[in-house]
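Let me begin by presenting the structure, written as structure tokens, before commenting on it.
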Amino acid sequence: PAQGTRADYERSSGLREKWQGLAVDLPERPSWIGTTHRFWYRKSVPGGFQFVLVDADKASKAPAFDPIRVAAELAGSLKKWIDPKKLPFTSIAFVDAEKAIQFEAEGFRWKFELESGVLSKLGPVEPRRPGGGGLGQGGPPAEAASASAKPSPDGQWEAFIRDYNVFVRAIDKAKKMEFPLSYDGGEGNYYTYRSLVWSPDSKKIAAVRIKPGFHRFLTYIESSPVDQRQPKYSEFEYAKPGDVLDLDQPVLLLLEDRRSIAVDNARFPNPYDLTPAVWRKDSRAFTFEYNQRGHQVYRIIEVNGTTGAVRAVLSEEPKTFFCYSSKKFRFDLADGKDVVWMSERDGWNHLYLIDGATGLVKNQITKGEWVVREVDKVDETAGQVYFQASGMDPGIDPYFVQYFRINLDGSGLTRLTEGEANHTAVYSSDMAYMVDTRSRVDSPPVMNVRRTLSREVVLTAETTDISALVKAGWKAPEVFTAKARDGRTDIWGVIYRPLAFNPKKKYPVIENIYAGPHGSFAPKTFSAYSAMQALAEIGFIVVQMDGLGTSNRSKEFHDYAWKNLGDAGFPDRILWHKAAAAKYPSYDITRVGIYGTSAGGQSALGGLLFHPEFYKAGFAACGCHDNRMDKIWWNEQWMGWPLGPEYAAASNVDNAYRLQGKLLLIVGEMDQNVDPASTYQVVNALIKANKTFDLLVIPGAGHTAGGDYGARKRNDFFVHALLGVEPPDWNKSEPPEPAKK
């Protein structure tokens, strides 16, 4: 086939519909039912989906409910046809001792009684507030907040806020007892209701007094609201790097003495964040975690419940960043006698047993040149930890997740999953069973139910059949590795080629980039459809890889991002491209494009600005183009505080004058994740530098790459910029219809 023709577009746009449903018995994530040994999941079947119920004790499975009866009852209520294999919900909850299920459909909550078949409408679905990217610190509590009160554990007292101070009153109104515990609160230094935490003995309260910082608000103009002609105006609280934050001051309140003790903040002088107080079970003290501004000091703080004296239970003080957002775990043993703690102090993400009295390491629980990815459970009674890890198997993809158990003293490491694949497991509440689903990009999922202790497979619940999918033309992407800039570290990625790939032809290359240090992003699990494959169908080779600076490898690997987001692993990515081109003559390294969204949008434009000799065209959607303009938590985590010259060095705004390649920018006018002004400031800088580029503003859109319209614009852009072909004139003809199966 030709490249960039209407036929290519039609084949690309029809790929999802063509392949949808052809992978049969493809399971979704299972959900255990309460404390039972039964779980449910949804899987694909010819023509739709089916909900399945599994009993692990009996090693049996059956339909979770009768979909025909549910569809018929729903159809009667909604007055429209409902396909039993395409029910308008994806999740259920068993209720009434598993005699009924609840689900959400068509904006309402429903209950279906399994035996009688009665369907009841329970009420409208509660609206879900869209998540934003900013840090809303919140203002001082109104005096009316005194209507809310927190009762003590013994049921005798309740604490509340009045005139910005903490008061306590007897719950028994006949006693008519009420008194203040603090006097130093005010509008500019106030106590908060949400911070009040009673001690278990009901004699003390841990509270927080807040000195407000600078509360930044972004102003939005929604140009084209759906419910009125005129624009709408709104504000959204959004803290940015360098902003003065609220200062939290912990306070100990003593009921019997009717007084407060301001906790000395010498061990936590400059907080980015203090976690809520947690009392020891015997009320002797409370603890909180201190994340210092700049994220290079992280401590567990303990406050004596009688004197207010402070000590640091432990302190992490890395030279770069403490990755609190994705590599922090704490579990207190024996009411604080010891602490299970996650740390990268030896260069790899591992677990340690810390003495709760001294802060010294009793022993390292896990150790080696591999990383703990997540802790599933600490079994204090058995003295064991269940965890996930990757990179333990030499020669195998270091991102593949496997499951393990180990004793707290570091002995008895036991592998609970095996095989060269990526695993996702879900345990029953008592850890007796685990549902283990494994797959790779080139190997479909297999779901096994195992006894956790013996690792015995009691039931292979699903083995996905992709024979029809393969017959319809599906091909797995190629996993490809090349050495990083250090000459020794493997960089892992994937290559998607057109299904009718001709190795004798030259294909432009497009890189899908997301280099956020909070994770790793090249796909590791099976997918019946990939948007990267659809883009390849138009006439490209499409790739994705994880360069230095991303997560889930060593601390050294991760640290390349420190104060260096503009790097985005580009030296490693370019070497990876060159290695692929050296192996495959069809890989046209003279025509390389790049696209990404959010942090990927920043990197997509950064590729053009900082490596114009390599990247020739870039599509950047809702990018955080200057890390001073984006949300505080994400950017200060990697770029540090106080703000230094690193921010300007990585800025696409400050470096816009460097643009040489072709560029298409996309921004949603209502983006609450990344300030839309970040894109507009790039536009302003490009205009001042007399650069040529394209801009698409999407009215009413949030944090987006533009949906179907944005994808078409992206495809047209790369067809024109890399193939040198004029895309179809969609104004003179209908957009491509999905191809027939």
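How things are named: the first chain in the structure tokens is A, the next is B, and so on; residues count from 1 in each chain; ligands count from 1 in the order shown.
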
Which parts of stretch 529-685 of chain A does DSSP call helix (DSSP H, G or I) when run on the backbone here, written out as an MDAnalysis selection string? chainID A and resid 531:536 555:561 570:583 599:610 632:639 645:650 656:658 677:685

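Restricting the calculation to only C-alpha atoms, the smallest distance between A:Gly473 and any of A:Phe51, A:Trp19, A:Tyr9, A:Phe268 is found for A:Trp19.
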
List as a list in words the protein and nucleic acid residues near stretch 248-252 of chain A, meaning an atom at most 6 Å away when only C-alpha atoms are counted, but skip any in the same chain fewer than 3 places from it.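 Final neighbour list, sorted by chain and number: Ala206, Ala207, Val208, Arg209, Ile210, Ser260, Ile261, Ala262 and Val263 of chain A.
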
Check stretch 194-439 of chain A with DSSP on the backbone and list each residue it calls strand (DSSP E or B), as a PyMOL selection string. chain A and resi 197-198+204-211+217-222+232-237+247-254+259-262+271-274+278-279+285-292+298-304+310-316+330-333+338-343+350-355+361-364+371-379+384-390+402-407+414-415+422-427+433-439

Write to file, as a compact mmCIF listing (two decimals), in the first residue's frame, the residues of the selection just made, with C-alpha atoms.
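Output contents, as saved in result-v1.txt:
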```
# COMPACT_ATOMS: atom_id res chain seq x y z
CA VAL A 197 -7.14 13.68 65.91
CA TRP A 198 -8.14 12.28 69.31
CA LYS A 204 -5.43 14.41 74.16
CA ILE A 205 -5.86 15.87 70.72
CA ALA A 206 -3.28 16.31 67.98
CA ALA A 207 -4.11 19.44 66.03
CA VAL A 208 -2.57 21.69 63.40
CA ARG A 209 -2.47 25.48 63.38
CA ILE A 210 -1.97 26.95 59.92
CA LYS A 211 -0.28 30.16 58.89
CA PHE A 217 -5.90 30.89 41.46
CA LEU A 218 -6.07 30.27 37.73
CA THR A 219 -8.81 32.11 35.86
CA TYR A 220 -10.62 30.28 33.07
CA ILE A 221 -12.84 31.49 30.26
CA GLU A 222 -15.00 28.75 28.77
CA LYS A 232 -18.42 31.36 31.48
CA TYR A 233 -15.76 32.52 33.90
CA SER A 234 -14.33 30.42 36.74
CA GLU A 235 -11.36 30.10 39.08
CA PHE A 236 -9.35 27.10 40.20
CA GLU A 237 -6.83 27.01 43.05
CA LEU A 247 2.86 26.59 57.17
CA ASP A 248 1.53 23.76 59.32
CA GLN A 249 2.32 23.94 63.04
CA PRO A 250 1.42 20.78 65.02
CA VAL A 251 -0.04 21.42 68.47
CA LEU A 252 -0.66 19.03 71.36
CA LEU A 253 -3.90 19.71 73.26
CA LEU A 254 -4.36 18.28 76.78
CA ARG A 259 -3.96 23.74 77.69
CA SER A 260 -2.02 23.51 74.46
CA ILE A 261 1.65 22.80 73.74
CA ALA A 262 3.13 24.16 70.53
CA PRO A 271 7.53 21.53 55.33
CA TYR A 272 6.23 20.98 51.88
CA ASP A 273 3.76 18.68 53.57
CA LEU A 274 3.02 17.12 56.95
CA VAL A 278 -1.47 9.09 63.92
CA TRP A 279 -1.54 8.24 67.62
CA ALA A 285 2.77 9.76 71.37
CA PHE A 286 1.62 10.62 67.89
CA THR A 287 3.56 10.53 64.65
CA PHE A 288 3.46 12.30 61.32
CA GLU A 289 5.70 12.37 58.27
CA TYR A 290 7.66 15.44 57.28
CA ASN A 291 8.37 16.08 53.60
CA GLN A 292 10.79 19.00 53.45
CA TYR A 298 11.93 13.07 54.56
CA ARG A 299 11.38 12.14 58.22
CA ILE A 300 9.02 10.27 60.49
CA ILE A 301 8.43 12.57 63.46
CA GLU A 302 7.20 11.37 66.85
CA VAL A 303 5.70 13.79 69.40
CA ASN A 304 5.49 12.80 73.07
CA VAL A 310 9.96 15.78 69.43
CA ARG A 311 12.23 13.14 67.96
CA ALA A 312 12.88 11.88 64.46
CA VAL A 313 12.12 8.17 64.27
CA LEU A 314 14.10 8.03 61.02
CA SER A 315 15.32 10.42 58.36
CA GLU A 316 15.97 10.03 54.64
CA ARG A 330 5.96 2.60 55.98
CA PHE A 331 4.49 0.03 58.32
CA ASP A 332 4.86 0.32 62.10
CA LEU A 333 5.32 -2.96 63.94
CA ASP A 338 10.08 -1.31 64.63
CA VAL A 339 9.30 0.13 61.21
CA VAL A 340 9.23 -1.54 57.81
CA TRP A 341 10.55 1.20 55.56
CA MET A 342 11.19 1.59 51.83
CA SER A 343 14.40 3.32 50.77
CA HIS A 350 14.39 -1.93 48.87
CA LEU A 351 12.78 -2.65 52.23
CA TYR A 352 14.47 -2.19 55.60
CA LEU A 353 13.63 -3.09 59.18
CA ILE A 354 14.27 0.02 61.26
CA ASP A 355 14.54 0.14 65.05
CA VAL A 361 18.75 -0.36 60.55
CA LYS A 362 18.16 -3.70 62.23
CA ASN A 363 18.49 -5.49 58.93
CA GLN A 364 17.90 -4.96 55.24
CA VAL A 371 13.85 -3.06 42.79
CA VAL A 372 10.83 -3.49 45.02
CA ARG A 373 7.90 -2.09 43.07
CA GLU A 374 5.14 -2.28 45.68
CA VAL A 375 4.30 -3.82 49.05
CA ASP A 376 1.08 -5.83 49.10
CA LYS A 377 0.96 -6.71 52.79
CA VAL A 378 3.02 -6.85 55.97
CA ASP A 379 1.91 -9.89 57.96
CA GLN A 384 6.55 -11.68 56.61
CA VAL A 385 6.19 -9.16 53.79
CA TYR A 386 4.40 -9.77 50.50
CA PHE A 387 5.78 -7.54 47.76
CA GLN A 388 6.21 -6.99 44.03
CA ALA A 389 9.60 -6.63 42.39
CA SER A 390 11.23 -6.37 38.99
CA GLN A 402 6.87 -10.68 39.77
CA TYR A 403 5.40 -11.40 43.22
CA PHE A 404 7.33 -12.52 46.31
CA ARG A 405 7.20 -13.19 50.03
CA ILE A 406 10.08 -12.72 52.48
CA ASN A 407 10.65 -12.86 56.23
CA THR A 414 9.98 -17.03 48.09
CA ARG A 415 8.87 -16.44 44.52
CA ASN A 422 4.58 -9.31 33.41
CA HIS A 423 2.32 -10.31 36.30
CA THR A 424 -0.65 -8.65 37.98
CA ALA A 425 -1.91 -10.43 41.08
CA VAL A 426 -4.79 -9.77 43.46
CA TYR A 427 -4.85 -11.51 46.86
CA TYR A 433 -5.29 -17.24 47.43
CA MET A 434 -3.95 -15.03 44.68
CA VAL A 435 -5.36 -14.44 41.22
CA ASP A 436 -2.30 -14.20 38.99
CA THR A 437 -2.66 -12.82 35.46
CA ARG A 438 0.43 -12.89 33.27
CA SER A 439 1.08 -11.60 29.76
```

Leaving out A:Arg38 and any residue of its chain fewer than 6 positions from it, which residues lie within 10 Å of it when counting only C-alpha atoms, given as a ChimeraX atom specification? /A:31-32,53-61,428,433

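Coordinates place atom CA of A:Leu664 at a distance of 22.4 Å from atom CA of A:His577.
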
What are the closest atom pairs, with distances in Å to one decimal, for each residue of stretch 519-569 of chain A lying within 10 Å of stretch 721-725 of chain A, using only C-alpha atoms, rows by chain and rising residue number, as a tab-separated table?
```
residue	atom	partner	partner_atom	distance
A:Ile538	CA	A:Leu723	CA	9.9
A:Gly539	CA	A:Leu723	CA	8.1
A:Phe540	CA	A:Leu723	CA	8.7
```

When you count only C-alpha atoms, which of these residues is closest to A:Gln672: A:Asp630, A:Asp708, A:Asp335, A:Glu734? A:Asp630

Determine, counting only C-alpha atoms, which protein, DNA and RNA residues have an atom within 10 Å of an atom of A:Ser551; residues of the same chain fewer than 3 positions away are not included. Present the result as a ChimeraX atom specification. /A:323,326-327,399,515-521,546-548,554-555,557-559,561

Using only C-alpha atoms, the residue out of A:Val52, A:Ala421, A:Ala536, A:Ile632 with shortest distance to A:Val446 is A:Ala421

Find the residues around A:Asn652 up to 7 Å (only C-alpha atoms counted), leave out those fewer than 2 positions away in its own chain, and share them as an NGL selection string. :A and (606 or 625-626 or 650 or 654-656 or 682)
